[in-house]
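Undergrad: Quick one: the structure is below, and I'll ask about it shortly.
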Amino acid sequence: MRRSRFIRPLVWALALALVGHSPAAAQMADTLAKGKKTGFGTFTEGTGFKIADTEHGDLNVKLFTYIRYLNQLGLDDSYTDGFGNVKTVRQRQDIQFQKVNIQFLGWLLSRKFRYLAYVWTSNTSQGQGAQVVVGGNLQYRFNQHFTAGAGIGALPTTRTTEGSFPFWLPVDNRVMADEFFRGSYTMGVWAKGDVTNRLSYSAMLGNNLSQLGVDAGQLDNTMDTWSLSLAWKPTTGEFGKLDGFGDFERHQRLATRIGGHYTHSTENRQSQPDTDAIENSQIRLSDGSIIFTPGLFGEGIVVNDVTYHMASADIGAKFRGFSLELEYYWRLVNNLRGPETEGLGEFRDDGFTLLASAMVVPKQLQVYATGSKIYGEYGDPSEFRLGVNWYPFKSEVVRWNAQWIQLRHSPVGGNSLPFVVGGNGPVLHTDLQVNF
């Protein structure tokens, strides 16, 4: 019964993707490949369309968006958390114009002084906090070794928050363990650059682990959220576009990467004054419970503040269209403070992700498999995926992605993600993405 629910949507998604296979599509692919001028301005893949170019600066406009079909009808309709509570899982099936990210970027007065402003919306979360974000950052590149920036940025806690987006194997969603352990986006200052031609660094000081949906009045005043990362590329000195996943470039020499990250933060519930609402949902136990939930650990126990420590290490290789990457995570949550928390100790969780991919047809068809697992004090959830990416114009500007995900008690989830907290069972997920 469940299997039949997936067949018809998959056929529909394939038909949608095949629409792009036409003479007009071939002509567009040829234009992109040659980088032709096609009217006002110019187009450069990765920085979009240039609409102003003067001696005082330039302006580029780019777009990231995708249409998504999601089928969660195969999931169990309930789960039991680590404290014995039975909770309902709301199974979804919908089509969404999922996300729109319009960016304005370029340089001003000096080519070393760069700006980025963007409008970002998650249409599945309309009506909720932070469903529309207007943000950006300013950066100054002193030299190859040092760039300083300030604004909204991603804490470099794992591979996916180093700046590799959107060059991931799935479209705009991380594997389960990465989503569980990572930090997120916040406002702060940062520095990055190359130590040598093969070794790079990134460091950021921010307000908290995630400032999405959190206003300044809800932040604590400790200012001790910081994150560090190092990446070494010993063989070729690079690892593809933005150090992304998969080998779309088809490396003819073995490209390798070894990376490490460490993040520290004091986190609190970030509630509005005189309310019990919890805005901080970034730190969860391995059963999906938010650690700040009143009474979670017993009657009268309320966790108001914790200290978060997280480290990860990754290693990867790319060669002739094949890629293999492993990342391992360690997390410690301690110093729990609040009413009746004296008897609570610390929580240690670790886990890993393994990602493998192959370009079956160079620059056109990619297949991948991923595995992800968490070893936690309140359960050992896991996830497995099989997926395919098709690039109809032989360019990363447009791709169609489809993946089958097998969840086992997912501790993370959300409207914008293909998985749901407590999800147990199969999920079908497909996207048509545009990124230029």
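In the structure tokens, each chain is lettered A, B, ... as it comes, each chain's residues begin at 1, and ligands are numbered from 1 in order of appearance.
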Pick out the residues sitting within 12 Å of A:Thr341, and hand them over as a ChimeraX atom specification; count only C-alpha atoms, and ignore anything fewer than 6 positions along from it in its own chain.

TA: /A:291-292,294-306,334-335

Undergrad: Can you pull out the residues contacting stretch 138-147 of chain A? Cut-off 12 Å, using only C-alpha atoms, and skip same-chain residues under 5 positions away; I want them as a PyMOL selection string.

TA: chain A and resi 104-117+152-153+187-204

Undergrad: Go ahead and write the residues just picked, N, CA and C atoms, as an mmCIF file, in the first residue's frame.

TA:
```
data_model
loop_
_atom_site.group_PDB
_atom_site.id
_atom_site.type_symbol
_atom_site.label_atom_id
_atom_site.label_comp_id
_atom_site.auth_asym_id
_atom_site.auth_seq_id
_atom_site.Cartn_x
_atom_site.Cartn_y
_atom_site.Cartn_z
ATOM 1 N N PHE A 104 22.023 40.542 -4.176
ATOM 2 C CA PHE A 104 22.649 41.688 -4.827
ATOM 3 C C PHE A 104 24.078 41.764 -4.285
ATOM 4 N N LEU A 105 25.046 41.682 -5.163
ATOM 5 C CA LEU A 105 26.419 41.594 -4.694
ATOM 6 C C LEU A 105 27.383 42.272 -5.645
ATOM 7 N N GLY A 106 28.549 42.643 -5.110
ATOM 8 C CA GLY A 106 29.574 43.262 -5.930
ATOM 9 C C GLY A 106 30.620 43.954 -5.081
ATOM 10 N N TRP A 107 31.324 44.934 -5.676
ATOM 11 C CA TRP A 107 32.330 45.705 -4.955
ATOM 12 C C TRP A 107 31.973 47.182 -5.016
ATOM 13 N N LEU A 108 32.539 47.965 -4.080
ATOM 14 C CA LEU A 108 32.205 49.373 -3.970
ATOM 15 C C LEU A 108 33.459 50.174 -3.620
ATOM 16 N N LEU A 109 33.815 51.145 -4.471
ATOM 17 C CA LEU A 109 34.944 52.065 -4.301
ATOM 18 C C LEU A 109 36.306 51.377 -4.389
ATOM 19 N N SER A 110 36.415 50.187 -3.879
ATOM 20 C CA SER A 110 37.633 49.390 -4.005
ATOM 21 C C SER A 110 37.231 47.948 -4.274
ATOM 22 N N ARG A 111 37.955 47.283 -5.155
ATOM 23 C CA ARG A 111 37.615 45.881 -5.455
ATOM 24 C C ARG A 111 37.839 44.975 -4.251
ATOM 25 N N LYS A 112 38.501 45.478 -3.239
ATOM 26 C CA LYS A 112 38.700 44.703 -2.019
ATOM 27 C C LYS A 112 37.505 44.799 -1.076
ATOM 28 N N PHE A 113 36.662 45.821 -1.274
ATOM 29 C CA PHE A 113 35.515 46.044 -0.398
ATOM 30 C C PHE A 113 34.272 45.462 -1.064
ATOM 31 N N ARG A 114 33.770 44.358 -0.492
ATOM 32 C CA ARG A 114 32.674 43.618 -1.105
ATOM 33 C C ARG A 114 31.403 43.741 -0.259
ATOM 34 N N TYR A 115 30.267 43.719 -0.946
ATOM 35 C CA TYR A 115 28.983 43.766 -0.243
ATOM 36 C C TYR A 115 28.075 42.655 -0.747
ATOM 37 N N LEU A 116 27.170 42.226 0.108
ATOM 38 C CA LEU A 116 26.136 41.250 -0.237
ATOM 39 C C LEU A 116 24.870 41.625 0.510
ATOM 40 N N ALA A 117 23.771 41.771 -0.235
ATOM 41 C CA ALA A 117 22.455 41.979 0.369
ATOM 42 C C ALA A 117 21.494 41.002 -0.282
ATOM 43 N N ILE A 152 25.411 38.936 8.671
ATOM 44 C CA ILE A 152 24.834 37.613 8.894
ATOM 45 C C ILE A 152 25.714 36.579 8.206
ATOM 46 N N GLY A 153 26.091 35.565 8.950
ATOM 47 C CA GLY A 153 26.945 34.521 8.393
ATOM 48 C C GLY A 153 26.686 33.197 9.072
ATOM 49 N N MET A 187 24.313 36.710 13.534
ATOM 50 C CA MET A 187 25.008 37.952 13.225
ATOM 51 C C MET A 187 26.307 38.000 14.003
ATOM 52 N N GLY A 188 27.358 38.483 13.349
ATOM 53 C CA GLY A 188 28.646 38.529 14.008
ATOM 54 C C GLY A 188 29.725 39.070 13.112
ATOM 55 N N VAL A 189 30.957 38.815 13.500
ATOM 56 C CA VAL A 189 32.136 39.229 12.740
ATOM 57 C C VAL A 189 32.984 37.997 12.474
ATOM 58 N N TRP A 190 33.770 38.028 11.406
ATOM 59 C CA TRP A 190 34.580 36.865 11.073
ATOM 60 C C TRP A 190 35.844 37.246 10.333
ATOM 61 N N ALA A 191 36.744 36.285 10.269
ATOM 62 C CA ALA A 191 37.981 36.408 9.509
ATOM 63 C C ALA A 191 38.221 35.089 8.795
ATOM 64 N N LYS A 192 38.768 35.156 7.600
ATOM 65 C CA LYS A 192 39.070 33.941 6.848
ATOM 66 C C LYS A 192 40.186 34.231 5.862
ATOM 67 N N GLY A 193 40.826 33.166 5.380
ATOM 68 C CA GLY A 193 41.905 33.340 4.421
ATOM 69 C C GLY A 193 42.716 32.074 4.295
ATOM 70 N N ASP A 194 43.842 32.193 3.603
ATOM 71 C CA ASP A 194 44.744 31.065 3.382
ATOM 72 C C ASP A 194 45.968 31.210 4.260
ATOM 73 N N VAL A 195 46.284 30.166 5.002
ATOM 74 C CA VAL A 195 47.542 30.126 5.742
ATOM 75 C C VAL A 195 48.665 29.856 4.759
ATOM 76 N N THR A 196 48.470 28.846 3.908
ATOM 77 C CA THR A 196 49.343 28.544 2.778
ATOM 78 C C THR A 196 48.441 28.301 1.570
ATOM 79 N N ASN A 197 49.014 27.943 0.450
ATOM 80 C CA ASN A 197 48.217 27.670 -0.742
ATOM 81 C C ASN A 197 47.305 26.464 -0.577
ATOM 82 N N ARG A 198 47.578 25.604 0.395
ATOM 83 C CA ARG A 198 46.794 24.383 0.584
ATOM 84 C C ARG A 198 46.074 24.310 1.930
ATOM 85 N N LEU A 199 46.283 25.304 2.776
ATOM 86 C CA LEU A 199 45.666 25.312 4.105
ATOM 87 C C LEU A 199 44.913 26.624 4.307
ATOM 88 N N SER A 200 43.607 26.527 4.614
ATOM 89 C CA SER A 200 42.788 27.721 4.820
ATOM 90 C C SER A 200 42.133 27.679 6.203
ATOM 91 N N TYR A 201 41.689 28.847 6.672
ATOM 92 C CA TYR A 201 41.077 28.942 7.991
ATOM 93 C C TYR A 201 39.843 29.828 7.922
ATOM 94 N N SER A 202 38.986 29.687 8.940
ATOM 95 C CA SER A 202 37.831 30.552 9.113
ATOM 96 C C SER A 202 37.537 30.640 10.598
ATOM 97 N N ALA A 203 37.200 31.849 11.077
ATOM 98 C CA ALA A 203 36.873 32.056 12.487
ATOM 99 C C ALA A 203 35.747 33.068 12.574
ATOM 100 N N MET A 204 34.777 32.826 13.473
ATOM 101 C CA MET A 204 33.637 33.731 13.606
ATOM 102 C C MET A 204 33.256 33.906 15.067
#
```

Undergrad: Need the shell around stretch 319-327 of chain A: protein/DNA/RNA residues with any atom at most 8 Å away, counting only C-alpha atoms. Skip same-chain ones fewer than 3 positions apart. Format as a compact mmCIF listing (two decimals) with N, CA and C atoms, in the first residue's frame?

TA:
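Saved to result.txt:
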```
# COMPACT_ATOMS: atom_id res chain seq x y z
N PHE A 245 30.21 19.32 -2.47
CA PHE A 245 30.15 17.85 -2.45
C PHE A 245 29.96 17.32 -3.87
N GLY A 246 30.48 16.12 -4.11
CA GLY A 246 30.38 15.53 -5.44
C GLY A 246 31.46 16.06 -6.36
N ASP A 247 31.70 15.32 -7.44
CA ASP A 247 32.76 15.71 -8.39
C ASP A 247 32.17 16.05 -9.75
N PHE A 248 31.37 17.12 -9.80
CA PHE A 248 30.82 17.60 -11.07
C PHE A 248 31.95 18.00 -12.01
N GLU A 249 33.04 18.54 -11.45
CA GLU A 249 34.16 19.02 -12.28
C GLU A 249 34.94 17.90 -12.93
N ARG A 250 34.80 16.69 -12.43
CA ARG A 250 35.53 15.51 -12.93
C ARG A 250 37.05 15.72 -12.85
N HIS A 251 37.54 15.71 -11.64
CA HIS A 251 38.97 15.90 -11.41
C HIS A 251 39.81 14.81 -12.08
N GLN A 252 40.81 15.21 -12.81
CA GLN A 252 41.71 14.25 -13.45
C GLN A 252 42.88 13.89 -12.55
N ARG A 253 43.12 14.68 -11.53
CA ARG A 253 44.06 14.35 -10.47
C ARG A 253 43.28 14.16 -9.17
N LEU A 254 43.74 13.29 -8.32
CA LEU A 254 43.05 13.02 -7.06
C LEU A 254 43.04 14.28 -6.19
N ALA A 255 41.86 14.80 -5.92
CA ALA A 255 41.70 15.95 -5.02
C ALA A 255 41.31 15.44 -3.64
N SER A 312 33.99 18.68 14.97
CA SER A 312 33.81 17.74 13.86
C SER A 312 35.10 17.65 13.07
N ALA A 313 35.27 16.53 12.40
CA ALA A 313 36.42 16.31 11.53
C ALA A 313 35.94 15.63 10.27
N ASP A 314 36.49 16.02 9.13
CA ASP A 314 36.06 15.44 7.86
C ASP A 314 37.25 15.08 6.99
N ILE A 315 37.04 14.11 6.12
CA ILE A 315 38.05 13.71 5.15
C ILE A 315 37.33 13.33 3.87
N GLY A 316 37.90 13.71 2.73
CA GLY A 316 37.21 13.43 1.48
C GLY A 316 38.17 13.33 0.31
N PHE A 352 28.06 10.38 12.77
CA PHE A 352 28.82 10.53 11.53
C PHE A 352 27.89 10.62 10.33
N THR A 353 28.46 11.10 9.23
CA THR A 353 27.82 11.01 7.92
C THR A 353 28.83 10.45 6.94
N LEU A 354 28.35 9.65 6.01
CA LEU A 354 29.17 9.09 4.94
C LEU A 354 28.45 9.36 3.63
N LEU A 355 29.16 9.98 2.68
CA LEU A 355 28.54 10.37 1.41
C LEU A 355 29.39 9.86 0.25
N ALA A 356 28.75 9.20 -0.70
CA ALA A 356 29.43 8.70 -1.89
C ALA A 356 28.62 9.10 -3.12
N SER A 357 29.30 9.50 -4.19
CA SER A 357 28.60 9.90 -5.41
C SER A 357 29.44 9.56 -6.63
N ALA A 358 28.77 9.50 -7.78
CA ALA A 358 29.43 9.22 -9.05
C ALA A 358 28.70 9.94 -10.17
N MET A 359 29.47 10.58 -11.06
CA MET A 359 28.90 11.17 -12.27
C MET A 359 28.81 10.06 -13.31
N VAL A 360 27.63 9.48 -13.47
CA VAL A 360 27.43 8.39 -14.42
C VAL A 360 27.61 8.89 -15.85
N PRO A 362 29.16 12.36 -17.51
CA PRO A 362 29.85 13.59 -17.11
C PRO A 362 29.01 14.84 -17.34
```

Undergrad: Using the chain letters and numbers from this document, which residues of stretch 29-253 of chain A does DSSP assign to alpha helix (DSSP H), as a PyMOL selection string?

TA: chain A and resi 29-34+176-181

Undergrad: Output C-alpha atoms for every residue in that selection, as a short mmCIF file (atom, residue, chain, number, x, y, z; two decimals), in the first residue's frame.

TA:
```
data_model
loop_
_atom_site.label_atom_id
_atom_site.label_comp_id
_atom_site.auth_asym_id
_atom_site.auth_seq_id
_atom_site.Cartn_x
_atom_site.Cartn_y
_atom_site.Cartn_z
CA ALA A 29 22.88 25.36 -22.59
CA ASP A 30 25.11 26.47 -25.48
CA THR A 31 24.78 30.10 -24.42
CA LEU A 32 25.68 29.30 -20.82
CA ALA A 33 28.62 27.17 -21.84
CA LYS A 34 30.11 29.90 -24.07
CA MET A 176 20.22 14.02 9.45
CA ALA A 177 23.35 13.93 11.67
CA ASP A 178 24.72 17.14 10.17
CA GLU A 179 21.40 18.90 10.83
CA PHE A 180 21.41 17.63 14.43
CA PHE A 181 24.93 18.69 15.43
#
```

Undergrad: What parts of stretch 173-397 of chain A does DSSP call strand (DSSP E or B)? I'd like the answer as a ChimeraX atom specification.

TA: /A:185-194,199-206,225-232,255-268,284,290,305-319,322-337,347-361,365-376,379,382-390

Undergrad: Which residues of stretch 223-296 of chain A come within 9 Å of stretch 74-81 of chain A, and for each one, what is the closest pair of atoms and their distance in Å to one decimal, counting only C-alpha atoms, sorted by chain and residue number, as a tab-separated table?

TA:
```
residue	atom	partner	partner_atom	distance
A:Asp287	CA	A:Asp81	CA	5.6
A:Gly288	CA	A:Asp81	CA	7.4
A:Ser289	CA	A:Asp81	CA	7.5
```

Undergrad: What would the file look like if the residues just selected were written as an mmCIF file, in the first residue's frame with C-alpha atoms?

TA:
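What landed in again-v7.cif:
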```
data_model
loop_
_atom_site.group_PDB
_atom_site.id
_atom_site.type_symbol
_atom_site.label_atom_id
_atom_site.label_comp_id
_atom_site.auth_asym_id
_atom_site.auth_seq_id
_atom_site.Cartn_x
_atom_site.Cartn_y
_atom_site.Cartn_z
ATOM 1 C CA ASP A 287 15.109 11.680 20.713
ATOM 2 C CA GLY A 288 14.197 15.103 19.266
ATOM 3 C CA SER A 289 13.232 16.787 22.562
#
```

Undergrad: As a list of chain:residue names, please: the residues near stretch 381-390 of chain A (cut-off 7 Å, only C-alpha atoms, same-chain neighbours under 5 positions excluded).

TA: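 Neighbouring residues, sequence-local ones excluded: A:Met176, A:Gln364, A:Leu365, A:Gln366, A:Val367, A:Tyr368, A:Ala369, A:Thr370, A:Gly371, A:Ser372, A:Lys373, A:Ile374, A:Arg399, A:Trp400, A:Asn401, A:Ala402, A:Gln403, A:Trp404, A:Ile405, A:Gln406, A:Leu407, A:Arg408, A:His409, A:Ser410.
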
Undergrad: I'd like the interatomic distance between atom CA of A:Gly217 and atom CA of A:Val420, to a tenth of an Å.

TA: 29.6 Å

Undergrad: Any idea what's packed within 10 Å of A:Ala52, counting only C-alpha atoms, ignoring anything in its chain fewer than 5 positions away? Could you give it as a list in words?

TA: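 Counting only C-alpha atoms, the residues come to Phe40, Gly41, Thr42, Gly57, Asp58, Leu59, Asn60, Val61 and Gly106 of chain A.
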
Undergrad: Write a file of the selected residues as an mmCIF file, in the first residue's frame, keeping N, CA and C atoms.

TA:
```
data_model
loop_
_atom_site.group_PDB
_atom_site.id
_atom_site.type_symbol
_atom_site.label_atom_id
_atom_site.label_comp_id
_atom_site.auth_asym_id
_atom_site.auth_seq_id
_atom_site.Cartn_x
_atom_site.Cartn_y
_atom_site.Cartn_z
ATOM 1 N N PHE A 40 21.521 43.308 -22.562
ATOM 2 C CA PHE A 40 22.039 44.210 -21.543
ATOM 3 C C PHE A 40 22.779 43.433 -20.470
ATOM 4 N N GLY A 41 24.006 43.832 -20.156
ATOM 5 C CA GLY A 41 24.780 43.172 -19.115
ATOM 6 C C GLY A 41 25.410 41.880 -19.586
ATOM 7 N N THR A 42 26.066 41.193 -18.648
ATOM 8 C CA THR A 42 26.703 39.911 -18.930
ATOM 9 C C THR A 42 26.294 38.905 -17.872
ATOM 10 N N GLY A 57 32.334 50.898 -8.781
ATOM 11 C CA GLY A 57 31.807 49.651 -8.257
ATOM 12 C C GLY A 57 30.944 48.941 -9.277
ATOM 13 N N ASP A 58 30.449 47.761 -8.911
ATOM 14 C CA ASP A 58 29.556 47.033 -9.804
ATOM 15 C C ASP A 58 28.406 46.438 -8.998
ATOM 16 N N LEU A 59 27.424 45.915 -9.727
ATOM 17 C CA LEU A 59 26.243 45.317 -9.118
ATOM 18 C C LEU A 59 25.852 44.085 -9.911
ATOM 19 N N ASN A 60 25.738 42.962 -9.222
ATOM 20 C CA ASN A 60 25.312 41.707 -9.815
ATOM 21 C C ASN A 60 24.047 41.235 -9.107
ATOM 22 N N VAL A 61 23.187 40.574 -9.851
ATOM 23 C CA VAL A 61 21.959 40.007 -9.289
ATOM 24 C C VAL A 61 21.954 38.517 -9.581
ATOM 25 N N GLY A 106 28.549 42.643 -5.110
ATOM 26 C CA GLY A 106 29.574 43.262 -5.930
ATOM 27 C C GLY A 106 30.620 43.954 -5.081
#
```

Undergrad: For a quick check of understanding, using only C-alpha atoms, which of A:Leu63, A:Val175, A:Val214, A:Leu70 has the smallest distance to A:Trp120?

TA: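 Closest residue, counting only C-alpha atoms: A:Leu63.
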
Undergrad: For A:Tyr185, work out the shell of residues within 12 Å, counting only C-alpha atoms and skipping chain neighbours fewer than 4 positions away, then give it as a ChimeraX atom specification.

TA: /A:130,133,135-136,151-157,160-163,189,204-214,225,227,282

Undergrad: With distances taken over only C-alpha atoms, which residue among A:Asn268, A:Thr236, A:Tyr391, A:Gly351 lies nearest A:Gly338?

TA: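 For A:Gly338, the nearest of the given residues is A:Asn268.
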
Undergrad: Could you jot down the atom CA of A:Gly376 to atom CA of A:Arg348 separation for me, Å, one decimal place?

TA: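 So the answer is 6.8 Å.
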
Undergrad: May I ask which of the residues A:Arg269, A:Lys233, A:His264, A:Arg68 is the closest one to A:Ala317, counting only C-alpha atoms?

TA: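 Of the candidates, the smallest distance to A:Ala317 is held by A:Lys233.
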
Undergrad: Here is a test: counting only C-alpha atoms, which residue of A:His56, A:Arg331, A:Lys394, A:Arg92 is nearest to A:Val427?

TA: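 Ranked by minimum distance to A:Val427, first place goes to A:Arg92.
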
Undergrad: Between atom CA of A:Thr65 and atom CA of A:Gly48, what is the distance, to one decimal in Å?

TA: 13.2 Å

Undergrad: A:Ala311, A:Ile95, A:Ser184, A:Arg284: which is nearest A:Leu230, counting only C-alpha atoms?

TA: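 Going through A:Ala311, A:Ile95, A:Ser184, A:Arg284 one by one, the smallest distance to A:Leu230 is for A:Ala311.
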